[in-house]
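Following: one structure in structure tokens, then a few remarks.
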Amino acid sequence: QVHLVESGGGLVQAGGSLRLSCAAPGRSLSTFARGWFRQAPGKEREFVGTISWKGGRTYYGSSVKGRFTIYRDNAKNTVYLQMNNLEPEDTAVYYCAAAPDEVFTAGLWANGNEYDDWGQGTQVTVSS
């Protein structure tokens, strides 16, 4: 059962930017950590980043650190993934997911199995 909806994907040239959004229509997930993952064809799912429900803690995967930023607007029940300086290697389907905030205290924020709710994904394609 999908409770999250991603948007904002598209085609962009290398070096460009995109902002993805993750909304939770009809459901309050403001007290949940929200993570972003991605999966490229033929590759394993990869952790992109995550944010605690109050927004005070963020963690990023090594391949995106310094280029991507996650932030949230709990009043809008939406989390954003700002992606700058995009590279062709960033091409993938990007998924938003929600998990109890305990994933931070347990050190499991990068483990997709700890996230219970997932969106349908949005395609990001970066051309060279």
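FYI, nothing fancy with the structure tokens labels: chains A, B, ... in order, residues from 1 per chain, ligands from 1 as they appear.
Taking chain A and asking which residues DSSP calls alpha helix (DSSP H) on the backbone, you get Glu102, Val103, Phe104 and Thr105 of chain A.
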*asked:* So that I can check the surroundings of A:Gly107, please list as a PyMOL selection string every protein, DNA and RNA residue that reaches within 12 Å of it, counting only C-alpha atoms and ignoring chain neighbours fewer than 6 positions away.
replied: chain A and resi 50+59+101+114
Written selection (N, CA, C and O atoms) as a compact mmCIF listing (two decimals), in the first residue's frame:
# COMPACT_ATOMS: atom_id res chain seq x y z
N THR A 50 18.76 10.65 3.99
CA THR A 50 17.62 10.56 4.87
C THR A 50 17.60 11.74 5.82
O THR A 50 18.63 12.40 6.04
N TYR A 59 21.64 12.43 6.70
CA TYR A 59 22.76 11.58 6.31
C TYR A 59 22.66 11.35 4.81
O TYR A 59 21.56 11.27 4.25
N ASP A 101 11.50 7.14 13.44
CA ASP A 101 12.72 7.91 13.69
C ASP A 101 13.78 7.11 14.44
O ASP A 101 14.95 7.52 14.47
N GLU A 114 14.45 -1.09 6.69
CA GLU A 114 13.91 -0.45 7.89
C GLU A 114 12.79 0.53 7.55
O GLU A 114 12.15 1.06 8.46
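Taking atom CA of A:Pro88 and atom CA of A:Glu6 as endpoints, the distance between them is 20.5 Å.
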*Within 12 Å of A:Leu108, counting only C-alpha atoms, which residues qualify if same-chain residues fewer than 2 places away don't, as a ChimeraX atom specification?*
/A:33,35,47,49-50,59,99-106,110-115
Selected residues written out with all heavy atoms, as a compact mmCIF listing (two decimals), in the first residue's frame:
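Listing of selection_34.txt after writing:
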# COMPACT_ATOMS: atom_id res chain seq x y z
N ALA A 33 10.95 9.55 9.97
CA ALA A 33 12.11 9.84 9.14
C ALA A 33 11.74 9.55 7.69
O ALA A 33 10.93 8.67 7.40
CB ALA A 33 13.29 8.97 9.57
N GLY A 35 13.45 8.83 3.89
CA GLY A 35 14.68 8.53 3.16
C GLY A 35 14.46 8.57 1.67
O GLY A 35 13.34 8.43 1.18
N PHE A 47 21.22 3.69 -1.23
CA PHE A 47 20.82 4.74 -0.29
C PHE A 47 21.32 6.09 -0.79
O PHE A 47 22.49 6.24 -1.13
CB PHE A 47 21.40 4.42 1.08
CG PHE A 47 21.27 5.54 2.07
CD1 PHE A 47 20.05 5.86 2.63
CD2 PHE A 47 22.39 6.28 2.45
CE1 PHE A 47 19.94 6.90 3.55
CE2 PHE A 47 22.29 7.31 3.37
CZ PHE A 47 21.06 7.62 3.91
N GLY A 49 19.92 9.35 0.80
CA GLY A 49 19.99 10.22 1.97
C GLY A 49 18.73 10.08 2.79
O GLY A 49 17.75 9.48 2.36
N THR A 50 18.76 10.65 3.99
CA THR A 50 17.62 10.56 4.87
C THR A 50 17.60 11.74 5.82
O THR A 50 18.63 12.40 6.04
CB THR A 50 17.63 9.23 5.66
OG1 THR A 50 16.37 9.04 6.30
CG2 THR A 50 18.74 9.23 6.70
N TYR A 59 21.64 12.43 6.70
CA TYR A 59 22.76 11.58 6.31
C TYR A 59 22.66 11.35 4.81
O TYR A 59 21.56 11.27 4.25
CB TYR A 59 22.73 10.24 7.05
CG TYR A 59 22.88 10.37 8.54
CD1 TYR A 59 21.77 10.37 9.37
CD2 TYR A 59 24.13 10.49 9.12
CE1 TYR A 59 21.90 10.48 10.74
CE2 TYR A 59 24.28 10.61 10.50
CZ TYR A 59 23.15 10.61 11.30
OH TYR A 59 23.28 10.73 12.66
N ALA A 99 10.22 5.85 7.64
CA ALA A 99 10.58 4.90 8.68
C ALA A 99 10.44 5.57 10.05
O ALA A 99 10.55 6.79 10.14
CB ALA A 99 12.02 4.42 8.49
N PRO A 100 10.23 4.79 11.07
CA PRO A 100 10.22 5.38 12.41
C PRO A 100 11.55 6.07 12.69
O PRO A 100 12.60 5.64 12.21
CB PRO A 100 10.03 4.17 13.32
CG PRO A 100 9.38 3.15 12.45
CD PRO A 100 9.96 3.36 11.08
N ASP A 101 11.50 7.14 13.44
CA ASP A 101 12.72 7.91 13.69
C ASP A 101 13.78 7.11 14.44
O ASP A 101 14.95 7.52 14.47
CB ASP A 101 12.37 9.17 14.49
CG ASP A 101 13.09 10.40 13.96
OD1 ASP A 101 13.17 10.55 12.73
OD2 ASP A 101 13.59 11.18 14.77
N GLU A 102 13.39 5.96 14.97
CA GLU A 102 14.35 5.12 15.69
C GLU A 102 15.45 4.59 14.79
O GLU A 102 16.47 4.08 15.28
CB GLU A 102 13.63 3.95 16.35
CG GLU A 102 12.83 4.32 17.59
CD GLU A 102 11.54 5.07 17.30
OE1 GLU A 102 11.06 5.01 16.14
OE2 GLU A 102 11.02 5.70 18.23
N VAL A 103 15.27 4.69 13.48
CA VAL A 103 16.34 4.22 12.59
C VAL A 103 17.63 5.01 12.84
O VAL A 103 18.73 4.50 12.58
CB VAL A 103 15.97 4.34 11.09
CG1 VAL A 103 14.81 3.42 10.76
CG2 VAL A 103 15.65 5.76 10.71
N PHE A 104 17.50 6.22 13.34
CA PHE A 104 18.70 7.01 13.61
C PHE A 104 19.39 6.51 14.86
O PHE A 104 20.61 6.34 14.87
CB PHE A 104 18.34 8.48 13.74
CG PHE A 104 17.94 9.10 12.44
CD1 PHE A 104 16.61 9.20 12.08
CD2 PHE A 104 18.89 9.55 11.54
CE1 PHE A 104 16.24 9.75 10.86
CE2 PHE A 104 18.53 10.09 10.33
CZ PHE A 104 17.20 10.19 9.99
N THR A 105 18.66 6.30 15.90
CA THR A 105 19.29 5.82 17.13
C THR A 105 19.87 4.43 16.96
O THR A 105 20.84 4.07 17.62
CB THR A 105 18.28 5.83 18.29
OG1 THR A 105 17.12 5.07 17.91
CG2 THR A 105 17.85 7.25 18.61
N ALA A 106 19.29 3.66 16.07
CA ALA A 106 19.78 2.31 15.83
C ALA A 106 20.88 2.27 14.78
O ALA A 106 21.45 1.21 14.53
CB ALA A 106 18.63 1.41 15.39
N ALA A 110 20.46 3.84 6.59
CA ALA A 110 20.78 3.53 5.20
C ALA A 110 20.20 2.18 4.75
O ALA A 110 20.38 1.80 3.60
CB ALA A 110 22.29 3.52 5.00
N ASN A 111 19.53 1.51 5.66
CA ASN A 111 18.99 0.18 5.36
C ASN A 111 17.55 0.30 4.87
O ASN A 111 16.65 0.61 5.65
CB ASN A 111 19.06 -0.69 6.61
CG ASN A 111 18.66 -2.13 6.33
OD1 ASN A 111 18.02 -2.43 5.33
ND2 ASN A 111 19.06 -3.03 7.20
N GLY A 112 17.33 0.04 3.62
CA GLY A 112 16.00 0.18 3.06
C GLY A 112 14.98 -0.74 3.70
O GLY A 112 13.77 -0.43 3.71
N ASN A 113 15.41 -1.83 4.27
CA ASN A 113 14.48 -2.77 4.92
C ASN A 113 13.86 -2.19 6.18
O ASN A 113 12.87 -2.71 6.68
CB ASN A 113 15.20 -4.07 5.25
CG ASN A 113 15.63 -4.83 4.01
OD1 ASN A 113 14.98 -4.76 2.97
ND2 ASN A 113 16.74 -5.53 4.10
N GLU A 114 14.45 -1.09 6.69
CA GLU A 114 13.91 -0.45 7.89
C GLU A 114 12.79 0.53 7.55
O GLU A 114 12.15 1.06 8.46
CB GLU A 114 15.03 0.29 8.62
CG GLU A 114 16.14 -0.63 9.11
CD GLU A 114 15.66 -1.62 10.17
OE1 GLU A 114 14.82 -1.23 11.00
OE2 GLU A 114 16.12 -2.77 10.15
N TYR A 115 12.56 0.77 6.27
CA TYR A 115 11.54 1.73 5.84
C TYR A 115 10.27 0.98 5.46
O TYR A 115 10.31 0.01 4.70
CB TYR A 115 12.06 2.56 4.67
CG TYR A 115 13.18 3.48 5.06
CD1 TYR A 115 14.47 3.00 5.28
CD2 TYR A 115 12.96 4.85 5.24
CE1 TYR A 115 15.50 3.86 5.66
CE2 TYR A 115 13.98 5.71 5.61
CZ TYR A 115 15.25 5.20 5.82
OH TYR A 115 16.26 6.05 6.21
Distance query A:Glu87 at most 12 Å, only C-alpha atoms, self and fewer than 4 positions along chain excluded, as an mmCIF file with C-alpha atoms, in the first residue's frame:
data_model
loop_
_atom_site.group_PDB
_atom_site.id
_atom_site.type_symbol
_atom_site.label_atom_id
_atom_site.label_comp_id
_atom_site.auth_asym_id
_atom_site.auth_seq_id
_atom_site.Cartn_x
_atom_site.Cartn_y
_atom_site.Cartn_z
ATOM 1 C CA LEU A 11 15.543 14.721 -18.030
ATOM 2 C CA VAL A 12 18.402 17.084 -17.314
ATOM 3 C CA GLN A 13 21.874 17.658 -18.706
ATOM 4 C CA ALA A 14 24.962 16.867 -16.712
ATOM 5 C CA GLY A 15 25.750 19.689 -14.340
ATOM 6 C CA GLY A 16 22.101 20.630 -14.015
ATOM 7 C CA SER A 17 19.742 20.484 -11.050
ATOM 8 C CA LEU A 18 16.437 18.937 -10.126
ATOM 9 C CA SER A 63 28.186 9.193 -4.010
ATOM 10 C CA VAL A 64 25.882 12.195 -3.517
ATOM 11 C CA ARG A 67 25.766 17.615 -4.223
ATOM 12 C CA PHE A 68 22.380 16.587 -2.828
ATOM 13 C CA MET A 83 20.020 17.564 -6.531
ATOM 14 C CA THR A 91 20.334 8.323 -13.632
ATOM 15 C CA ALA A 92 17.901 6.064 -11.787
ATOM 16 C CA VAL A 124 15.646 10.931 -13.179
ATOM 17 C CA THR A 125 17.710 10.856 -16.357
ATOM 18 C CA VAL A 126 20.941 12.808 -16.686
ATOM 19 C CA SER A 127 22.370 13.152 -20.161
ATOM 20 C CA SER A 128 26.058 13.673 -20.824
#
_Counting only C-alpha atoms, the residue of A:Val93, A:Ala75, A:Ala40, A:Leu81 that sits nearest A:Thr58_ = A:Leu81
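Across the structure, atom CA of A:Ala98 and atom CA of A:Pro41 are spaced 23.1 Å apart.
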*Top pick for closest residue to A:Arg34, considering A:Leu4, A:Ile51, A:Ile70, A:Leu86 and counting only C-alpha atoms*: A:Ile51
*asked:* as a ChimeraX atom specification, please: every residue in stretch 64-115 of chain A that DSSP puts in strand (DSSP E).
replied: /A:68-73,78-83,92-100
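Note that the spacing between atom CA of A:Cys22 and atom CA of A:Gly121 amounts to 9.6 Å.
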If we count only C-alpha atoms and set the cut-off at 12 Å, which residues sit around A:Ser21, ignoring sequence neighbours fewer than 3 positions away in its own chain? Please answer as an mmCIF file with all heavy atoms, in the first residue's frame.
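As a result, around_26.cif now contains:
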data_model
loop_
_atom_site.group_PDB
_atom_site.id
_atom_site.type_symbol
_atom_site.label_atom_id
_atom_site.label_comp_id
_atom_site.auth_asym_id
_atom_site.auth_seq_id
_atom_site.Cartn_x
_atom_site.Cartn_y
_atom_site.Cartn_z
ATOM 1 N N LEU A 4 3.172 7.269 -0.127
ATOM 2 C CA LEU A 4 4.015 8.383 -0.507
ATOM 3 C C LEU A 4 3.973 8.590 -2.007
ATOM 4 O O LEU A 4 3.855 7.630 -2.766
ATOM 5 C CB LEU A 4 5.462 8.119 -0.058
ATOM 6 C CG LEU A 4 5.654 7.892 1.443
ATOM 7 C CD1 LEU A 4 7.073 7.443 1.731
ATOM 8 C CD2 LEU A 4 5.324 9.147 2.223
ATOM 9 N N VAL A 5 4.086 9.838 -2.423
ATOM 10 C CA VAL A 5 4.039 10.173 -3.833
ATOM 11 C C VAL A 5 5.223 11.066 -4.164
ATOM 12 O O VAL A 5 5.344 12.167 -3.613
ATOM 13 C CB VAL A 5 2.724 10.887 -4.191
ATOM 14 C CG1 VAL A 5 2.715 11.252 -5.674
ATOM 15 C CG2 VAL A 5 1.523 10.010 -3.847
ATOM 16 N N GLU A 6 6.077 10.581 -5.064
ATOM 17 C CA GLU A 6 7.217 11.378 -5.505
ATOM 18 C C GLU A 6 6.853 12.153 -6.773
ATOM 19 O O GLU A 6 6.024 11.710 -7.565
ATOM 20 C CB GLU A 6 8.438 10.501 -5.813
ATOM 21 C CG GLU A 6 8.906 9.626 -4.679
ATOM 22 C CD GLU A 6 8.323 8.231 -4.766
ATOM 23 O OE1 GLU A 6 7.266 8.063 -5.389
ATOM 24 O OE2 GLU A 6 8.945 7.290 -4.214
ATOM 25 N N SER A 7 7.526 13.265 -6.951
ATOM 26 C CA SER A 7 7.370 14.044 -8.171
ATOM 27 C C SER A 7 8.638 14.860 -8.389
ATOM 28 O O SER A 7 9.467 14.976 -7.487
ATOM 29 C CB SER A 7 6.146 14.960 -8.084
ATOM 30 O OG SER A 7 6.294 15.881 -7.009
ATOM 31 N N GLY A 8 8.745 15.412 -9.595
ATOM 32 C CA GLY A 8 9.875 16.279 -9.886
ATOM 33 C C GLY A 8 10.954 15.667 -10.745
ATOM 34 O O GLY A 8 11.913 16.342 -11.109
ATOM 35 N N GLY A 9 10.828 14.393 -11.061
ATOM 36 C CA GLY A 9 11.829 13.774 -11.914
ATOM 37 C C GLY A 9 11.751 14.284 -13.336
ATOM 38 O O GLY A 9 10.815 14.993 -13.717
ATOM 39 N N LEU A 18 17.843 19.315 -10.232
ATOM 40 C CA LEU A 18 16.437 18.937 -10.126
ATOM 41 C C LEU A 18 16.074 18.924 -8.652
ATOM 42 O O LEU A 18 16.933 18.696 -7.794
ATOM 43 C CB LEU A 18 16.189 17.536 -10.698
ATOM 44 C CG LEU A 18 16.052 17.354 -12.202
ATOM 45 C CD1 LEU A 18 15.910 15.869 -12.528
ATOM 46 C CD2 LEU A 18 14.879 18.142 -12.763
ATOM 47 N N ALA A 24 2.891 13.004 1.286
ATOM 48 C CA ALA A 24 2.143 11.923 1.919
ATOM 49 C C ALA A 24 0.682 12.342 2.000
ATOM 50 O O ALA A 24 0.184 12.694 3.062
ATOM 51 C CB ALA A 24 2.691 11.627 3.300
ATOM 52 N N ARG A 34 12.322 10.309 6.787
ATOM 53 C CA ARG A 34 12.075 10.088 5.368
ATOM 54 C C ARG A 34 13.418 9.882 4.669
ATOM 55 O O ARG A 34 14.335 10.682 4.827
ATOM 56 C CB ARG A 34 11.377 11.285 4.733
ATOM 57 C CG ARG A 34 10.053 11.610 5.332
ATOM 58 C CD ARG A 34 8.913 10.933 4.604
ATOM 59 N NE ARG A 34 7.671 11.584 5.039
ATOM 60 C CZ ARG A 34 7.019 12.495 4.331
ATOM 61 N NH1 ARG A 34 7.462 12.812 3.134
ATOM 62 N NH2 ARG A 34 5.949 13.067 4.819
ATOM 63 N N GLY A 35 13.454 8.828 3.893
ATOM 64 C CA GLY A 35 14.677 8.533 3.164
ATOM 65 C C GLY A 35 14.458 8.566 1.666
ATOM 66 O O GLY A 35 13.336 8.434 1.182
ATOM 67 N N TRP A 36 15.536 8.756 0.946
ATOM 68 C CA TRP A 36 15.537 8.663 -0.509
ATOM 69 C C TRP A 36 16.489 7.539 -0.910
ATOM 70 O O TRP A 36 17.620 7.458 -0.406
ATOM 71 C CB TRP A 36 15.990 9.965 -1.147
ATOM 72 C CG TRP A 36 14.996 11.070 -1.072
ATOM 73 C CD1 TRP A 36 14.925 12.058 -0.137
ATOM 74 C CD2 TRP A 36 13.920 11.306 -1.993
ATOM 75 N NE1 TRP A 36 13.873 12.890 -0.407
ATOM 76 C CE2 TRP A 36 13.241 12.464 -1.542
ATOM 77 C CE3 TRP A 36 13.467 10.676 -3.145
ATOM 78 C CZ2 TRP A 36 12.142 12.984 -2.201
ATOM 79 C CZ3 TRP A 36 12.367 11.194 -3.809
ATOM 80 C CH2 TRP A 36 11.715 12.333 -3.347
ATOM 81 N N THR A 69 20.889 17.654 -1.265
ATOM 82 C CA THR A 69 20.453 18.147 0.047
ATOM 83 C C THR A 69 19.010 17.722 0.281
ATOM 84 O O THR A 69 18.155 17.876 -0.598
ATOM 85 C CB THR A 69 20.543 19.677 0.122
ATOM 86 O OG1 THR A 69 21.885 20.095 -0.138
ATOM 87 C CG2 THR A 69 20.130 20.169 1.511
ATOM 88 N N ILE A 70 18.752 17.205 1.456
ATOM 89 C CA ILE A 70 17.395 16.827 1.848
ATOM 90 C C ILE A 70 16.898 17.827 2.881
ATOM 91 O O ILE A 70 17.619 18.176 3.822
ATOM 92 C CB ILE A 70 17.351 15.421 2.457
ATOM 93 C CG1 ILE A 70 17.781 14.383 1.422
ATOM 94 C CG2 ILE A 70 15.957 15.086 2.968
ATOM 95 C CD1 ILE A 70 17.886 12.982 1.990
ATOM 96 N N TYR A 71 15.661 18.262 2.717
ATOM 97 C CA TYR A 71 15.027 19.092 3.718
ATOM 98 C C TYR A 71 13.535 18.810 3.709
ATOM 99 O O TYR A 71 13.022 18.185 2.776
ATOM 100 C CB TYR A 71 15.327 20.585 3.497
ATOM 101 C CG TYR A 71 14.878 21.142 2.170
ATOM 102 C CD1 TYR A 71 13.694 21.874 2.072
ATOM 103 C CD2 TYR A 71 15.655 20.993 1.030
ATOM 104 C CE1 TYR A 71 13.286 22.414 0.857
ATOM 105 C CE2 TYR A 71 15.253 21.521 -0.187
ATOM 106 C CZ TYR A 71 14.073 22.227 -0.260
ATOM 107 O OH TYR A 71 13.668 22.762 -1.464
ATOM 108 N N ARG A 72 12.876 19.237 4.758
ATOM 109 C CA ARG A 72 11.459 18.898 4.865
ATOM 110 C C ARG A 72 10.654 20.085 5.356
ATOM 111 O O ARG A 72 11.157 20.947 6.079
ATOM 112 C CB ARG A 72 11.269 17.687 5.764
ATOM 113 C CG ARG A 72 11.664 17.868 7.216
ATOM 114 C CD ARG A 72 11.676 16.507 7.939
ATOM 115 N NE ARG A 72 10.348 15.897 7.932
ATOM 116 C CZ ARG A 72 10.126 14.605 8.146
ATOM 117 N NH1 ARG A 72 11.142 13.786 8.374
ATOM 118 N NH2 ARG A 72 8.897 14.132 8.153
ATOM 119 N N ASP A 73 9.396 20.072 4.967
ATOM 120 C CA ASP A 73 8.424 21.056 5.436
ATOM 121 C C ASP A 73 7.294 20.263 6.066
ATOM 122 O O ASP A 73 6.399 19.770 5.371
ATOM 123 C CB ASP A 73 7.927 21.903 4.261
ATOM 124 C CG ASP A 73 6.985 23.011 4.698
ATOM 125 O OD1 ASP A 73 6.432 22.933 5.823
ATOM 126 O OD2 ASP A 73 6.800 23.958 3.939
ATOM 127 N N LYS A 76 3.692 21.066 5.398
ATOM 128 C CA LYS A 76 3.167 20.582 4.124
ATOM 129 C C LYS A 76 3.286 19.065 4.010
ATOM 130 O O LYS A 76 2.924 18.498 2.975
ATOM 131 C CB LYS A 76 3.921 21.238 2.958
ATOM 132 C CG LYS A 76 3.719 22.746 2.872
ATOM 133 C CD LYS A 76 4.461 23.310 1.667
ATOM 134 C CE LYS A 76 4.236 24.816 1.543
ATOM 135 N NZ LYS A 76 4.953 25.392 0.378
ATOM 136 N N ASN A 77 3.829 18.440 5.060
ATOM 137 C CA ASN A 77 3.998 16.981 5.050
ATOM 138 C C ASN A 77 4.780 16.519 3.817
ATOM 139 O O ASN A 77 4.462 15.495 3.206
ATOM 140 C CB ASN A 77 2.633 16.288 5.089
ATOM 141 C CG ASN A 77 2.721 14.893 5.691
ATOM 142 O OD1 ASN A 77 3.755 14.483 6.189
ATOM 143 N ND2 ASN A 77 1.618 14.167 5.628
ATOM 144 N N THR A 78 5.784 17.281 3.471
ATOM 145 C CA THR A 78 6.555 17.033 2.243
ATOM 146 C C THR A 78 8.048 17.091 2.539
ATOM 147 O O THR A 78 8.504 17.934 3.315
ATOM 148 C CB THR A 78 6.189 18.071 1.165
ATOM 149 O OG1 THR A 78 4.789 17.968 0.882
ATOM 150 C CG2 THR A 78 6.975 17.826 -0.118
ATOM 151 N N VAL A 79 8.750 16.188 1.905
ATOM 152 C CA VAL A 79 10.208 16.160 1.974
ATOM 153 C C VAL A 79 10.757 16.399 0.581
ATOM 154 O O VAL A 79 10.181 15.944 -0.412
ATOM 155 C CB VAL A 79 10.690 14.805 2.529
ATOM 156 C CG1 VAL A 79 12.201 14.678 2.397
ATOM 157 C CG2 VAL A 79 10.282 14.664 3.983
ATOM 158 N N TYR A 80 11.871 17.103 0.523
ATOM 159 C CA TYR A 80 12.462 17.475 -0.757
ATOM 160 C C TYR A 80 13.880 16.923 -0.878
ATOM 161 O O TYR A 80 14.597 16.800 0.115
ATOM 162 C CB TYR A 80 12.501 18.993 -0.899
ATOM 163 C CG TYR A 80 11.159 19.644 -0.760
ATOM 164 C CD1 TYR A 80 10.717 20.124 0.467
ATOM 165 C CD2 TYR A 80 10.314 19.778 -1.862
ATOM 166 C CE1 TYR A 80 9.476 20.711 0.602
ATOM 167 C CE2 TYR A 80 9.068 20.375 -1.740
ATOM 168 C CZ TYR A 80 8.659 20.836 -0.500
ATOM 169 O OH TYR A 80 7.428 21.418 -0.372
ATOM 170 N N LEU A 81 14.250 16.615 -2.099
ATOM 171 C CA LEU A 81 15.613 16.221 -2.407
ATOM 172 C C LEU A 81 16.124 17.163 -3.486
ATOM 173 O O LEU A 81 15.716 17.070 -4.645
ATOM 174 C CB LEU A 81 15.674 14.772 -2.895
ATOM 175 C CG LEU A 81 17.051 14.268 -3.324
ATOM 176 C CD1 LEU A 81 17.997 14.220 -2.118
ATOM 177 C CD2 LEU A 81 16.965 12.875 -3.967
ATOM 178 N N GLN A 82 16.975 18.083 -3.087
ATOM 179 C CA GLN A 82 17.572 19.014 -4.036
ATOM 180 C C GLN A 82 18.842 18.389 -4.585
ATOM 181 O O GLN A 82 19.755 18.056 -3.827
ATOM 182 C CB GLN A 82 17.897 20.346 -3.340
ATOM 183 C CG GLN A 82 18.587 21.348 -4.231
ATOM 184 C CD GLN A 82 17.695 21.836 -5.364
ATOM 185 O OE1 GLN A 82 16.532 22.141 -5.151
ATOM 186 N NE2 GLN A 82 18.242 21.914 -6.570
ATOM 187 N N MET A 83 18.887 18.224 -5.887
ATOM 188 C CA MET A 83 20.020 17.564 -6.531
ATOM 189 C C MET A 83 20.728 18.559 -7.443
ATOM 190 O O MET A 83 20.136 19.054 -8.397
ATOM 191 C CB MET A 83 19.536 16.359 -7.336
ATOM 192 C CG MET A 83 18.702 15.381 -6.526
ATOM 193 S SD MET A 83 18.260 13.890 -7.438
ATOM 194 C CE MET A 83 17.181 14.581 -8.688
ATOM 195 N N TYR A 94 14.107 7.175 -8.530
ATOM 196 C CA TYR A 94 14.280 7.629 -7.161
ATOM 197 C C TYR A 94 13.004 7.362 -6.360
ATOM 198 O O TYR A 94 11.909 7.702 -6.800
ATOM 199 C CB TYR A 94 14.602 9.121 -7.142
ATOM 200 C CG TYR A 94 16.030 9.409 -7.536
ATOM 201 C CD1 TYR A 94 16.455 9.226 -8.851
ATOM 202 C CD2 TYR A 94 16.966 9.829 -6.598
ATOM 203 C CE1 TYR A 94 17.773 9.457 -9.210
ATOM 204 C CE2 TYR A 94 18.286 10.069 -6.956
ATOM 205 C CZ TYR A 94 18.675 9.881 -8.261
ATOM 206 O OH TYR A 94 19.987 10.117 -8.619
ATOM 207 N N TYR A 95 13.213 6.772 -5.194
ATOM 208 C CA TYR A 95 12.101 6.404 -4.335
ATOM 209 C C TYR A 95 12.208 7.130 -2.999
ATOM 210 O O TYR A 95 13.298 7.265 -2.430
ATOM 211 C CB TYR A 95 12.096 4.904 -4.056
ATOM 212 C CG TYR A 95 11.929 4.041 -5.271
ATOM 213 C CD1 TYR A 95 13.029 3.591 -6.002
ATOM 214 C CD2 TYR A 95 10.656 3.669 -5.709
ATOM 215 C CE1 TYR A 95 12.868 2.795 -7.126
ATOM 216 C CE2 TYR A 95 10.493 2.865 -6.829
ATOM 217 C CZ TYR A 95 11.596 2.433 -7.526
ATOM 218 O OH TYR A 95 11.429 1.641 -8.635
ATOM 219 N N CYS A 96 11.067 7.541 -2.509
ATOM 220 C CA CYS A 96 10.969 8.102 -1.169
ATOM 221 C C CYS A 96 10.399 7.025 -0.251
ATOM 222 O O CYS A 96 9.555 6.224 -0.674
ATOM 223 C CB CYS A 96 10.049 9.323 -1.199
ATOM 224 S SG CYS A 96 9.720 10.055 0.401
ATOM 225 N N ALA A 97 10.836 7.026 0.989
ATOM 226 C CA ALA A 97 10.361 6.035 1.944
ATOM 227 C C ALA A 97 10.304 6.641 3.337
ATOM 228 O O ALA A 97 11.007 7.608 3.624
ATOM 229 C CB ALA A 97 11.272 4.810 1.935
ATOM 230 N N GLY A 119 7.111 5.146 -1.943
ATOM 231 C CA GLY A 119 6.395 5.710 -3.076
ATOM 232 C C GLY A 119 6.591 4.859 -4.310
ATOM 233 O O GLY A 119 7.279 3.838 -4.286
ATOM 234 N N GLY A 121 8.023 5.883 -7.080
ATOM 235 C CA GLY A 121 9.260 6.234 -7.753
ATOM 236 C C GLY A 121 9.080 7.274 -8.833
ATOM 237 O O GLY A 121 8.007 7.407 -9.421
ATOM 238 N N THR A 122 10.141 8.011 -9.090
ATOM 239 C CA THR A 122 10.152 8.999 -10.168
ATOM 240 C C THR A 122 11.479 8.882 -10.906
ATOM 241 O O THR A 122 12.537 8.748 -10.291
ATOM 242 C CB THR A 122 9.926 10.427 -9.621
ATOM 243 O OG1 THR A 122 9.827 11.354 -10.696
ATOM 244 C CG2 THR A 122 11.052 10.870 -8.701
#
